[in-house]
Amino acid sequence: SEGVLIHHKIVKGHHSPSDKCTQNCMIFMLKGELLINSEEYPGTVLRNGQFILQAIGSKLELLALTNVEYLIYWFNELPQICEPRYSKILEVSEAPLTYTPLVTIPKLSNFLNDMCDYLKEQIPCGKFIEIKCQELVYILTCYYPLPQLSIFFYPISRYTESFHYFVMQNYDKVKNVEDFAHLGGYTTTTFRRLFKNMYGEPVYEWILNKKREGILNDLQHTKQKITEISQRYGFDSLSHFAHFC
């Protein structure tokens, strides 16, 4: 789902093995100590009052060093109230030498505590959650210094660009979704979810549409032989190519 806030309570010793995030996520620590292991935060202990962002496609591993409580926000696109502010953040976004968790300010702490109380009541309301997600993003983007935000949001642009580059470089070299996923080091299920979240349609349908566009362009505007076009797009035989056309 898009724009989900989840309140977690985990006992000491609980381990979530390393896996690629199929959405962007922010982790806001409320109690205890949680060991984070990712490219941005290798061996980082996240404590009460700290929070981090992990971008879609990044690998994340969690280990509860104590009994912990945290709020996690999953999202594909940030729900913007103040778009000019976020655009300015992205313009100056840059990679730091080391990533450091941000510290919650009083306004954010009040928001997190109120949301936890609401989620404990178990009275789900999608529209209310949507509004609260907008409030969360507004607090983050408007009440923290620009230099901190430029570092905090940098992973989103980096991972998005790298996944898009991987897809565009390899979609015409694979025969099926399974081969595509394994080529990028993903499980098929994770790759399907990641792709759908980023491109808005199933990966197989997207590949077919791209192949149709490419084949039509080659037939109309190049002097390539039919056999060359067939081989370029991974068809086993001319009969399979003809059937696809």
# chains A, B, ... in the order shown; residues from 1 in each chain; ligands from 1

$ residues_around --residues "Met198 in chain A" --least-positions-apart "3" --cutoff "10 Å" --atoms "only C-alpha atoms" --output "list in words"
Thr22, Gln23, Ile56, Asn76, Glu77, Thr160, Phe163, His164, Arg193, Leu194, Phe195 and Glu201 of chain A

$ write_last_selection --atoms "all heavy atoms" --output "CSV table (one decimal), in the first residue's frame"
chain,number,residue,atom,x,y,z
A,22,THR,N,11.1,-2.7,-1.0
A,22,THR,CA,10.3,-2.6,-2.2
A,22,THR,C,9.6,-1.2,-2.2
A,22,THR,O,8.9,-0.9,-3.1
A,22,THR,CB,9.2,-3.7,-2.3
A,22,THR,OG1,8.5,-3.7,-1.1
A,22,THR,CG2,9.9,-5.0,-2.5
A,23,GLN,N,9.8,-0.4,-1.2
A,23,GLN,CA,9.3,0.9,-1.1
A,23,GLN,C,10.4,1.7,-0.3
A,23,GLN,O,11.2,1.2,0.4
A,23,GLN,CB,8.0,1.0,-0.4
A,23,GLN,CG,6.8,0.5,-1.2
A,23,GLN,CD,5.5,0.7,-0.4
A,23,GLN,OE1,5.3,0.1,0.7
A,23,GLN,NE2,4.6,1.4,-1.0
A,56,ILE,N,14.0,3.0,-1.8
A,56,ILE,CA,13.6,1.8,-2.5
A,56,ILE,C,14.7,1.1,-3.2
A,56,ILE,O,15.6,1.8,-3.8
A,56,ILE,CB,12.5,2.3,-3.5
A,56,ILE,CG1,11.8,1.1,-4.2
A,56,ILE,CG2,13.0,3.2,-4.5
A,56,ILE,CD1,10.6,1.5,-5.0
A,76,ASN,N,6.0,5.4,-1.7
A,76,ASN,CA,6.6,5.5,-3.0
A,76,ASN,C,7.0,6.9,-3.4
A,76,ASN,O,8.1,7.2,-3.7
A,76,ASN,CB,5.7,4.9,-4.1
A,76,ASN,CG,5.4,3.4,-3.9
A,76,ASN,OD1,6.3,2.7,-3.5
A,76,ASN,ND2,4.2,3.0,-4.2
A,77,GLU,N,6.0,7.8,-3.3
A,77,GLU,CA,6.3,9.2,-3.5
A,77,GLU,C,5.8,10.0,-2.3
A,77,GLU,O,4.8,9.7,-1.7
A,77,GLU,CB,5.4,9.7,-4.7
A,77,GLU,CG,5.8,9.0,-6.0
A,77,GLU,CD,7.2,9.4,-6.5
A,77,GLU,OE1,7.7,10.5,-6.1
A,77,GLU,OE2,7.8,8.7,-7.3
A,160,THR,N,16.8,5.4,-7.0
A,160,THR,CA,15.8,5.5,-8.1
A,160,THR,C,16.5,5.6,-9.5
A,160,THR,O,16.2,4.9,-10.4
A,160,THR,CB,14.9,6.7,-7.9
A,160,THR,OG1,14.2,6.6,-6.7
A,160,THR,CG2,13.9,6.8,-9.1
A,163,PHE,N,18.3,2.1,-10.3
A,163,PHE,CA,17.3,1.0,-10.7
A,163,PHE,C,16.8,1.3,-12.1
A,163,PHE,O,16.7,0.4,-12.9
A,163,PHE,CB,16.2,0.9,-9.7
A,163,PHE,CG,15.2,-0.2,-10.0
A,163,PHE,CD1,15.5,-1.5,-9.6
A,163,PHE,CD2,14.0,0.0,-10.6
A,163,PHE,CE1,14.7,-2.6,-9.9
A,163,PHE,CE2,13.2,-1.0,-10.9
A,163,PHE,CZ,13.5,-2.3,-10.5
A,164,HIS,N,16.5,2.6,-12.3
A,164,HIS,CA,16.0,2.9,-13.7
A,164,HIS,C,17.1,2.6,-14.7
A,164,HIS,O,16.8,2.1,-15.8
A,164,HIS,CB,15.6,4.4,-13.7
A,164,HIS,CG,15.2,4.9,-15.1
A,164,HIS,ND1,14.0,4.5,-15.6
A,164,HIS,CD2,15.8,5.7,-16.0
A,164,HIS,CE1,13.9,5.1,-16.8
A,164,HIS,NE2,15.0,5.8,-17.0
A,193,ARG,N,7.5,-6.4,-7.2
A,193,ARG,CA,7.0,-5.4,-6.4
A,193,ARG,C,7.7,-4.0,-6.6
A,193,ARG,O,7.1,-3.0,-6.7
A,193,ARG,CB,7.1,-5.8,-4.9
A,193,ARG,CG,6.1,-6.9,-4.5
A,193,ARG,CD,6.4,-7.2,-3.0
A,193,ARG,NE,5.5,-8.3,-2.6
A,193,ARG,CZ,5.6,-9.0,-1.5
A,193,ARG,NH1,6.6,-8.6,-0.6
A,193,ARG,NH2,4.8,-10.0,-1.2
A,194,LEU,N,9.1,-4.1,-6.6
A,194,LEU,CA,9.9,-2.9,-6.8
A,194,LEU,C,9.6,-2.3,-8.1
A,194,LEU,O,9.4,-1.0,-8.2
A,194,LEU,CB,11.3,-3.3,-6.7
A,194,LEU,CG,12.4,-2.2,-6.8
A,194,LEU,CD1,12.2,-1.2,-5.7
A,194,LEU,CD2,13.8,-2.8,-6.7
A,195,PHE,N,9.5,-3.1,-9.2
A,195,PHE,CA,9.2,-2.5,-10.5
A,195,PHE,C,7.8,-1.9,-10.6
A,195,PHE,O,7.6,-0.8,-11.1
A,195,PHE,CB,9.3,-3.7,-11.5
A,195,PHE,CG,9.3,-3.2,-13.0
A,195,PHE,CD1,10.5,-3.0,-13.6
A,195,PHE,CD2,8.2,-2.9,-13.6
A,195,PHE,CE1,10.6,-2.6,-14.9
A,195,PHE,CE2,8.2,-2.4,-14.9
A,195,PHE,CZ,9.4,-2.2,-15.6
A,201,GLU,N,3.2,-0.4,-13.5
A,201,GLU,CA,2.6,-1.5,-14.2
A,201,GLU,C,3.4,-2.7,-14.0
A,201,GLU,O,4.6,-2.6,-13.7
A,201,GLU,CB,2.4,-1.1,-15.7
A,201,GLU,CG,3.7,-0.9,-16.4
A,201,GLU,CD,3.5,-0.6,-17.9
A,201,GLU,OE1,2.8,-1.3,-18.6
A,201,GLU,OE2,4.1,0.4,-18.4

$ residues_around --residues "Gly3 in chain A" --least-positions-apart "2" --cutoff "9 Å" --atoms "only C-alpha atoms" --output "ChimeraX atom specification"
/A:1,5,73-79,129-130,133

$ atom_distance --atom1 "CA of Asn170 in chain A" --atom2 "CA of Leu90 in chain A"
27.5 Å

$ select_by_dssp --residues "range 24-228 of chain A" --states "strand (DSSP E)" --output "PyMOL selection string"
chain A and resi 24-31+33-37+44-47+50-54+59-64+68-75+102-103

$ write_last_selection --atoms "N, CA and C atoms" --output "mmCIF file, in the first residue's frame"
data_model
loop_
_atom_site.group_PDB
_atom_site.id
_atom_site.type_symbol
_atom_site.label_atom_id
_atom_site.label_comp_id
_atom_site.auth_asym_id
_atom_site.auth_seq_id
_atom_site.Cartn_x
_atom_site.Cartn_y
_atom_site.Cartn_z
ATOM 1 N N ASN A 24 10.283 3.064 -0.392
ATOM 2 C CA ASN A 24 11.073 3.906 0.499
ATOM 3 C C ASN A 24 10.512 3.777 1.907
ATOM 4 N N CYS A 25 11.359 3.935 2.912
ATOM 5 C CA CYS A 25 10.847 3.868 4.275
ATOM 6 C C CYS A 25 11.651 4.784 5.202
ATOM 7 N N MET A 26 10.952 5.320 6.196
ATOM 8 C CA MET A 26 11.581 6.066 7.278
ATOM 9 C C MET A 26 11.312 5.316 8.574
ATOM 10 N N ILE A 27 12.344 5.149 9.393
ATOM 11 C CA ILE A 27 12.216 4.451 10.671
ATOM 12 C C ILE A 27 12.444 5.454 11.793
ATOM 13 N N PHE A 28 11.429 5.638 12.625
ATOM 14 C CA PHE A 28 11.488 6.581 13.751
ATOM 15 C C PHE A 28 11.520 5.782 15.054
ATOM 16 N N MET A 29 12.660 5.837 15.752
ATOM 17 C CA MET A 29 12.799 5.082 16.994
ATOM 18 C C MET A 29 12.058 5.772 18.136
ATOM 19 N N LEU A 30 11.326 4.971 18.922
ATOM 20 C CA LEU A 30 10.570 5.482 20.061
ATOM 21 C C LEU A 30 11.135 4.985 21.393
ATOM 22 N N LYS A 31 11.573 3.710 21.395
ATOM 23 C CA LYS A 31 12.154 3.123 22.613
ATOM 24 C C LYS A 31 13.192 2.076 22.230
ATOM 25 N N GLU A 33 17.003 0.075 21.540
ATOM 26 C CA GLU A 33 18.130 0.186 20.620
ATOM 27 C C GLU A 33 17.969 -0.839 19.504
ATOM 28 N N LEU A 34 18.055 -0.361 18.278
ATOM 29 C CA LEU A 34 17.870 -1.207 17.098
ATOM 30 C C LEU A 34 19.110 -1.108 16.219
ATOM 31 N N LEU A 35 19.745 -2.247 15.968
ATOM 32 C CA LEU A 35 20.942 -2.274 15.121
ATOM 33 C C LEU A 35 20.518 -2.282 13.651
ATOM 34 N N ILE A 36 20.980 -1.280 12.920
ATOM 35 C CA ILE A 36 20.693 -1.144 11.497
ATOM 36 C C ILE A 36 21.936 -1.537 10.702
ATOM 37 N N ASN A 37 21.739 -2.322 9.659
ATOM 38 C CA ASN A 37 22.861 -2.652 8.782
ATOM 39 C C ASN A 37 22.423 -2.450 7.335
ATOM 40 N N THR A 44 24.969 0.567 12.449
ATOM 41 C CA THR A 44 24.523 1.749 13.196
ATOM 42 C C THR A 44 23.466 1.362 14.227
ATOM 43 N N VAL A 45 23.637 1.814 15.454
ATOM 44 C CA VAL A 45 22.640 1.580 16.500
ATOM 45 C C VAL A 45 21.692 2.776 16.537
ATOM 46 N N LEU A 46 20.440 2.504 16.235
ATOM 47 C CA LEU A 46 19.421 3.545 16.237
ATOM 48 C C LEU A 46 18.758 3.575 17.612
ATOM 49 N N ARG A 47 18.746 4.749 18.233
ATOM 50 C CA ARG A 47 18.240 4.901 19.604
ATOM 51 C C ARG A 47 17.014 5.809 19.648
ATOM 52 N N GLN A 50 15.818 9.087 17.370
ATOM 53 C CA GLN A 50 16.561 9.169 16.126
ATOM 54 C C GLN A 50 15.740 8.553 14.997
ATOM 55 N N PHE A 51 16.042 8.942 13.767
ATOM 56 C CA PHE A 51 15.345 8.339 12.627
ATOM 57 C C PHE A 51 16.222 8.378 11.382
ATOM 58 N N ILE A 52 15.938 7.456 10.463
ATOM 59 C CA ILE A 52 16.708 7.320 9.223
ATOM 60 C C ILE A 52 15.752 7.119 8.052
ATOM 61 N N LEU A 53 16.305 7.213 6.845
ATOM 62 C CA LEU A 53 15.562 6.914 5.623
ATOM 63 C C LEU A 53 16.312 5.846 4.843
ATOM 64 N N GLN A 54 15.574 4.845 4.354
ATOM 65 C CA GLN A 54 16.131 3.853 3.447
ATOM 66 C C GLN A 54 15.355 3.914 2.144
ATOM 67 N N LYS A 59 19.238 -2.412 0.509
ATOM 68 C CA LYS A 59 19.177 -3.574 1.395
ATOM 69 C C LYS A 59 19.198 -3.132 2.844
ATOM 70 N N LEU A 60 18.339 -3.750 3.646
ATOM 71 C CA LEU A 60 18.199 -3.352 5.046
ATOM 72 C C LEU A 60 18.106 -4.584 5.939
ATOM 73 N N GLU A 61 18.901 -4.577 7.016
ATOM 74 C CA GLU A 61 18.894 -5.656 8.000
ATOM 75 C C GLU A 61 18.682 -5.041 9.386
ATOM 76 N N LEU A 62 17.839 -5.681 10.217
ATOM 77 C CA LEU A 62 17.508 -5.152 11.538
ATOM 78 C C LEU A 62 17.753 -6.205 12.611
ATOM 79 N N LEU A 63 18.275 -5.748 13.772
ATOM 80 C CA LEU A 63 18.452 -6.614 14.927
ATOM 81 C C LEU A 63 18.123 -5.815 16.179
ATOM 82 N N ALA A 64 17.155 -6.311 16.962
ATOM 83 C CA ALA A 64 16.760 -5.625 18.193
ATOM 84 C C ALA A 64 17.760 -5.944 19.304
ATOM 85 N N VAL A 68 12.318 -3.098 21.619
ATOM 86 C CA VAL A 68 12.264 -1.830 20.896
ATOM 87 C C VAL A 68 10.837 -1.503 20.450
ATOM 88 N N GLU A 69 10.654 -0.217 20.192
ATOM 89 C CA GLU A 69 9.383 0.287 19.688
ATOM 90 C C GLU A 69 9.712 1.369 18.666
ATOM 91 N N TYR A 70 9.128 1.254 17.488
ATOM 92 C CA TYR A 70 9.402 2.255 16.466
ATOM 93 C C TYR A 70 8.214 2.396 15.523
ATOM 94 N N LEU A 71 8.186 3.537 14.854
ATOM 95 C CA LEU A 71 7.174 3.818 13.844
ATOM 96 C C LEU A 71 7.870 3.814 12.492
ATOM 97 N N ILE A 72 7.294 3.095 11.522
ATOM 98 C CA ILE A 72 7.897 3.053 10.190
ATOM 99 C C ILE A 72 6.899 3.589 9.173
ATOM 100 N N TYR A 73 7.398 4.413 8.273
ATOM 101 C CA TYR A 73 6.571 5.028 7.240
ATOM 102 C C TYR A 73 7.026 4.512 5.880
ATOM 103 N N TRP A 74 6.157 3.751 5.198
ATOM 104 C CA TRP A 74 6.440 3.217 3.863
ATOM 105 C C TRP A 74 5.786 4.118 2.816
ATOM 106 N N PHE A 75 6.512 4.432 1.750
ATOM 107 C CA PHE A 75 5.944 5.299 0.720
ATOM 108 C C PHE A 75 6.688 5.122 -0.599
ATOM 109 N N LEU A 102 19.067 11.407 11.918
ATOM 110 C CA LEU A 102 18.563 12.698 12.371
ATOM 111 C C LEU A 102 17.897 12.539 13.738
ATOM 112 N N VAL A 103 17.841 13.640 14.464
ATOM 113 C CA VAL A 103 17.254 13.643 15.813
ATOM 114 C C VAL A 103 15.887 14.311 15.751
#

$ closest_residue --among "A:Ile226, A:Trp206, A:Thr187, A:Ser150" --to "Val167 in chain A" --atoms "only C-alpha atoms"
A:Trp206

$ atom_distance --atom1 "CA of Lys173 in chain A" --atom2 "CA of Asn197 in chain A"
22.1 Å

$ decode --residues "range 15-47 of chain A" --atoms "N, CA, C and O atoms" --output "PDB file, in the first residue's frame"
ATOM      1  N   HIS A  15      15.409 -10.658  14.759  1.00  0.00           N
ATOM      2  CA  HIS A  15      16.291 -10.371  13.627  1.00  0.00           C
ATOM      3  C   HIS A  15      15.495 -10.387  12.328  1.00  0.00           C
ATOM      4  O   HIS A  15      14.787 -11.347  12.031  1.00  0.00           O
ATOM      5  N   SER A  16      15.601  -9.302  11.558  1.00  0.00           N
ATOM      6  CA  SER A  16      15.032  -9.240  10.209  1.00  0.00           C
ATOM      7  C   SER A  16      16.187  -9.314   9.225  1.00  0.00           C
ATOM      8  O   SER A  16      16.993  -8.372   9.149  1.00  0.00           O
ATOM      9  N   PRO A  17      16.339 -10.434   8.496  1.00  0.00           N
ATOM     10  CA  PRO A  17      17.493 -10.601   7.602  1.00  0.00           C
ATOM     11  C   PRO A  17      17.521  -9.568   6.488  1.00  0.00           C
ATOM     12  O   PRO A  17      16.505  -8.952   6.148  1.00  0.00           O
ATOM     13  N   SER A  18      18.699  -9.378   5.926  1.00  0.00           N
ATOM     14  CA  SER A  18      18.896  -8.383   4.885  1.00  0.00           C
ATOM     15  C   SER A  18      17.996  -8.658   3.683  1.00  0.00           C
ATOM     16  O   SER A  18      17.956  -9.773   3.168  1.00  0.00           O
ATOM     17  N   ASP A  19      17.264  -7.637   3.255  1.00  0.00           N
ATOM     18  CA  ASP A  19      16.373  -7.764   2.113  1.00  0.00           C
ATOM     19  C   ASP A  19      16.245  -6.402   1.454  1.00  0.00           C
ATOM     20  O   ASP A  19      16.402  -5.369   2.104  1.00  0.00           O
ATOM     21  N   LYS A  20      15.937  -6.399   0.167  1.00  0.00           N
ATOM     22  CA  LYS A  20      15.797  -5.140  -0.559  1.00  0.00           C
ATOM     23  C   LYS A  20      14.426  -4.532  -0.308  1.00  0.00           C
ATOM     24  O   LYS A  20      13.408  -5.216  -0.375  1.00  0.00           O
ATOM     25  N   CYS A  21      14.432  -3.253  -0.008  1.00  0.00           N
ATOM     26  CA  CYS A  21      13.175  -2.537   0.260  1.00  0.00           C
ATOM     27  C   CYS A  21      12.394  -2.369  -1.044  1.00  0.00           C
ATOM     28  O   CYS A  21      12.945  -1.883  -2.036  1.00  0.00           O
ATOM     29  N   THR A  22      11.133  -2.750  -1.033  1.00  0.00           N
ATOM     30  CA  THR A  22      10.294  -2.579  -2.212  1.00  0.00           C
ATOM     31  C   THR A  22       9.594  -1.218  -2.218  1.00  0.00           C
ATOM     32  O   THR A  22       8.867  -0.895  -3.143  1.00  0.00           O
ATOM     33  N   GLN A  23       9.789  -0.442  -1.151  1.00  0.00           N
ATOM     34  CA  GLN A  23       9.327   0.943  -1.089  1.00  0.00           C
ATOM     35  C   GLN A  23      10.368   1.748  -0.299  1.00  0.00           C
ATOM     36  O   GLN A  23      11.227   1.177   0.361  1.00  0.00           O
ATOM     37  N   ASN A  24      10.283   3.064  -0.392  1.00  0.00           N
ATOM     38  CA  ASN A  24      11.073   3.906   0.499  1.00  0.00           C
ATOM     39  C   ASN A  24      10.512   3.777   1.907  1.00  0.00           C
ATOM     40  O   ASN A  24       9.309   3.519   2.087  1.00  0.00           O
ATOM     41  N   CYS A  25      11.359   3.935   2.912  1.00  0.00           N
ATOM     42  CA  CYS A  25      10.847   3.868   4.275  1.00  0.00           C
ATOM     43  C   CYS A  25      11.651   4.784   5.202  1.00  0.00           C
ATOM     44  O   CYS A  25      12.840   5.008   4.989  1.00  0.00           O
ATOM     45  N   MET A  26      10.952   5.320   6.196  1.00  0.00           N
ATOM     46  CA  MET A  26      11.581   6.066   7.278  1.00  0.00           C
ATOM     47  C   MET A  26      11.312   5.316   8.574  1.00  0.00           C
ATOM     48  O   MET A  26      10.177   4.876   8.812  1.00  0.00           O
ATOM     49  N   ILE A  27      12.344   5.149   9.393  1.00  0.00           N
ATOM     50  CA  ILE A  27      12.216   4.451  10.671  1.00  0.00           C
ATOM     51  C   ILE A  27      12.444   5.454  11.793  1.00  0.00           C
ATOM     52  O   ILE A  27      13.521   6.051  11.890  1.00  0.00           O
ATOM     53  N   PHE A  28      11.429   5.638  12.625  1.00  0.00           N
ATOM     54  CA  PHE A  28      11.488   6.581  13.751  1.00  0.00           C
ATOM     55  C   PHE A  28      11.520   5.782  15.054  1.00  0.00           C
ATOM     56  O   PHE A  28      10.543   5.124  15.411  1.00  0.00           O
ATOM     57  N   MET A  29      12.660   5.837  15.752  1.00  0.00           N
ATOM     58  CA  MET A  29      12.799   5.082  16.994  1.00  0.00           C
ATOM     59  C   MET A  29      12.058   5.772  18.136  1.00  0.00           C
ATOM     60  O   MET A  29      12.171   6.992  18.323  1.00  0.00           O
ATOM     61  N   LEU A  30      11.326   4.971  18.922  1.00  0.00           N
ATOM     62  CA  LEU A  30      10.570   5.482  20.061  1.00  0.00           C
ATOM     63  C   LEU A  30      11.135   4.985  21.393  1.00  0.00           C
ATOM     64  O   LEU A  30      11.176   5.727  22.366  1.00  0.00           O
ATOM     65  N   LYS A  31      11.573   3.710  21.395  1.00  0.00           N
ATOM     66  CA  LYS A  31      12.154   3.123  22.613  1.00  0.00           C
ATOM     67  C   LYS A  31      13.192   2.076  22.230  1.00  0.00           C
ATOM     68  O   LYS A  31      13.065   1.410  21.208  1.00  0.00           O
ATOM     69  N   GLY A  32      14.209   1.933  23.087  1.00  0.00           N
ATOM     70  CA  GLY A  32      15.179   0.861  22.920  1.00  0.00           C
ATOM     71  C   GLY A  32      16.285   1.155  21.931  1.00  0.00           C
ATOM     72  O   GLY A  32      16.490   2.304  21.513  1.00  0.00           O
ATOM     73  N   GLU A  33      17.003   0.075  21.540  1.00  0.00           N
ATOM     74  CA  GLU A  33      18.130   0.186  20.620  1.00  0.00           C
ATOM     75  C   GLU A  33      17.969  -0.839  19.504  1.00  0.00           C
ATOM     76  O   GLU A  33      17.796  -2.039  19.757  1.00  0.00           O
ATOM     77  N   LEU A  34      18.055  -0.361  18.278  1.00  0.00           N
ATOM     78  CA  LEU A  34      17.870  -1.207  17.098  1.00  0.00           C
ATOM     79  C   LEU A  34      19.110  -1.108  16.219  1.00  0.00           C
ATOM     80  O   LEU A  34      19.492  -0.013  15.795  1.00  0.00           O
ATOM     81  N   LEU A  35      19.745  -2.247  15.968  1.00  0.00           N
ATOM     82  CA  LEU A  35      20.942  -2.274  15.121  1.00  0.00           C
ATOM     83  C   LEU A  35      20.518  -2.282  13.651  1.00  0.00           C
ATOM     84  O   LEU A  35      19.790  -3.169  13.215  1.00  0.00           O
ATOM     85  N   ILE A  36      20.980  -1.280  12.920  1.00  0.00           N
ATOM     86  CA  ILE A  36      20.693  -1.144  11.497  1.00  0.00           C
ATOM     87  C   ILE A  36      21.936  -1.537  10.702  1.00  0.00           C
ATOM     88  O   ILE A  36      23.047  -1.111  11.028  1.00  0.00           O
ATOM     89  N   ASN A  37      21.739  -2.322   9.659  1.00  0.00           N
ATOM     90  CA  ASN A  37      22.861  -2.652   8.782  1.00  0.00           C
ATOM     91  C   ASN A  37      22.423  -2.450   7.335  1.00  0.00           C
ATOM     92  O   ASN A  37      21.589  -3.188   6.817  1.00  0.00           O
ATOM     93  N   SER A  38      22.954  -1.406   6.715  1.00  0.00           N
ATOM     94  CA  SER A  38      22.678  -1.110   5.310  1.00  0.00           C
ATOM     95  C   SER A  38      23.901  -0.400   4.748  1.00  0.00           C
ATOM     96  O   SER A  38      24.857  -0.115   5.474  1.00  0.00           O
ATOM     97  N   GLU A  39      23.873  -0.120   3.453  1.00  0.00           N
ATOM     98  CA  GLU A  39      25.019   0.569   2.845  1.00  0.00           C
ATOM     99  C   GLU A  39      25.214   1.954   3.455  1.00  0.00           C
ATOM    100  O   GLU A  39      26.336   2.382   3.710  1.00  0.00           O
ATOM    101  N   GLU A  40      24.100   2.643   3.725  1.00  0.00           N
ATOM    102  CA  GLU A  40      24.189   3.983   4.285  1.00  0.00           C
ATOM    103  C   GLU A  40      24.510   3.966   5.776  1.00  0.00           C
ATOM    104  O   GLU A  40      25.211   4.836   6.282  1.00  0.00           O
ATOM    105  N   TYR A  41      23.955   2.987   6.480  1.00  0.00           N
ATOM    106  CA  TYR A  41      24.103   2.922   7.936  1.00  0.00           C
ATOM    107  C   TYR A  41      24.671   1.563   8.370  1.00  0.00           C
ATOM    108  O   TYR A  41      23.991   0.783   9.036  1.00  0.00           O
ATOM    109  N   PRO A  42      25.903   1.260   7.996  1.00  0.00           N
ATOM    110  CA  PRO A  42      26.486  -0.037   8.363  1.00  0.00           C
ATOM    111  C   PRO A  42      26.774  -0.116   9.863  1.00  0.00           C
ATOM    112  O   PRO A  42      27.488   0.713  10.417  1.00  0.00           O
ATOM    113  N   GLY A  43      26.178  -1.109  10.531  1.00  0.00           N
ATOM    114  CA  GLY A  43      26.426  -1.309  11.952  1.00  0.00           C
ATOM    115  C   GLY A  43      26.026  -0.139  12.826  1.00  0.00           C
ATOM    116  O   GLY A  43      26.644   0.111  13.852  1.00  0.00           O
ATOM    117  N   THR A  44      24.969   0.567  12.449  1.00  0.00           N
ATOM    118  CA  THR A  44      24.523   1.749  13.196  1.00  0.00           C
ATOM    119  C   THR A  44      23.466   1.362  14.227  1.00  0.00           C
ATOM    120  O   THR A  44      22.503   0.665  13.897  1.00  0.00           O
ATOM    121  N   VAL A  45      23.637   1.814  15.454  1.00  0.00           N
ATOM    122  CA  VAL A  45      22.640   1.580  16.500  1.00  0.00           C
ATOM    123  C   VAL A  45      21.692   2.776  16.537  1.00  0.00           C
ATOM    124  O   VAL A  45      22.105   3.895  16.827  1.00  0.00           O
ATOM    125  N   LEU A  46      20.440   2.504  16.235  1.00  0.00           N
ATOM    126  CA  LEU A  46      19.421   3.545  16.237  1.00  0.00           C
ATOM    127  C   LEU A  46      18.758   3.575  17.612  1.00  0.00           C
ATOM    128  O   LEU A  46      18.264   2.562  18.095  1.00  0.00           O
ATOM    129  N   ARG A  47      18.746   4.749  18.233  1.00  0.00           N
ATOM    130  CA  ARG A  47      18.240   4.901  19.604  1.00  0.00           C
ATOM    131  C   ARG A  47      17.014   5.809  19.648  1.00  0.00           C
ATOM    132  O   ARG A  47      16.666   6.445  18.656  1.00  0.00           O
TER     133      ARG A  47
END
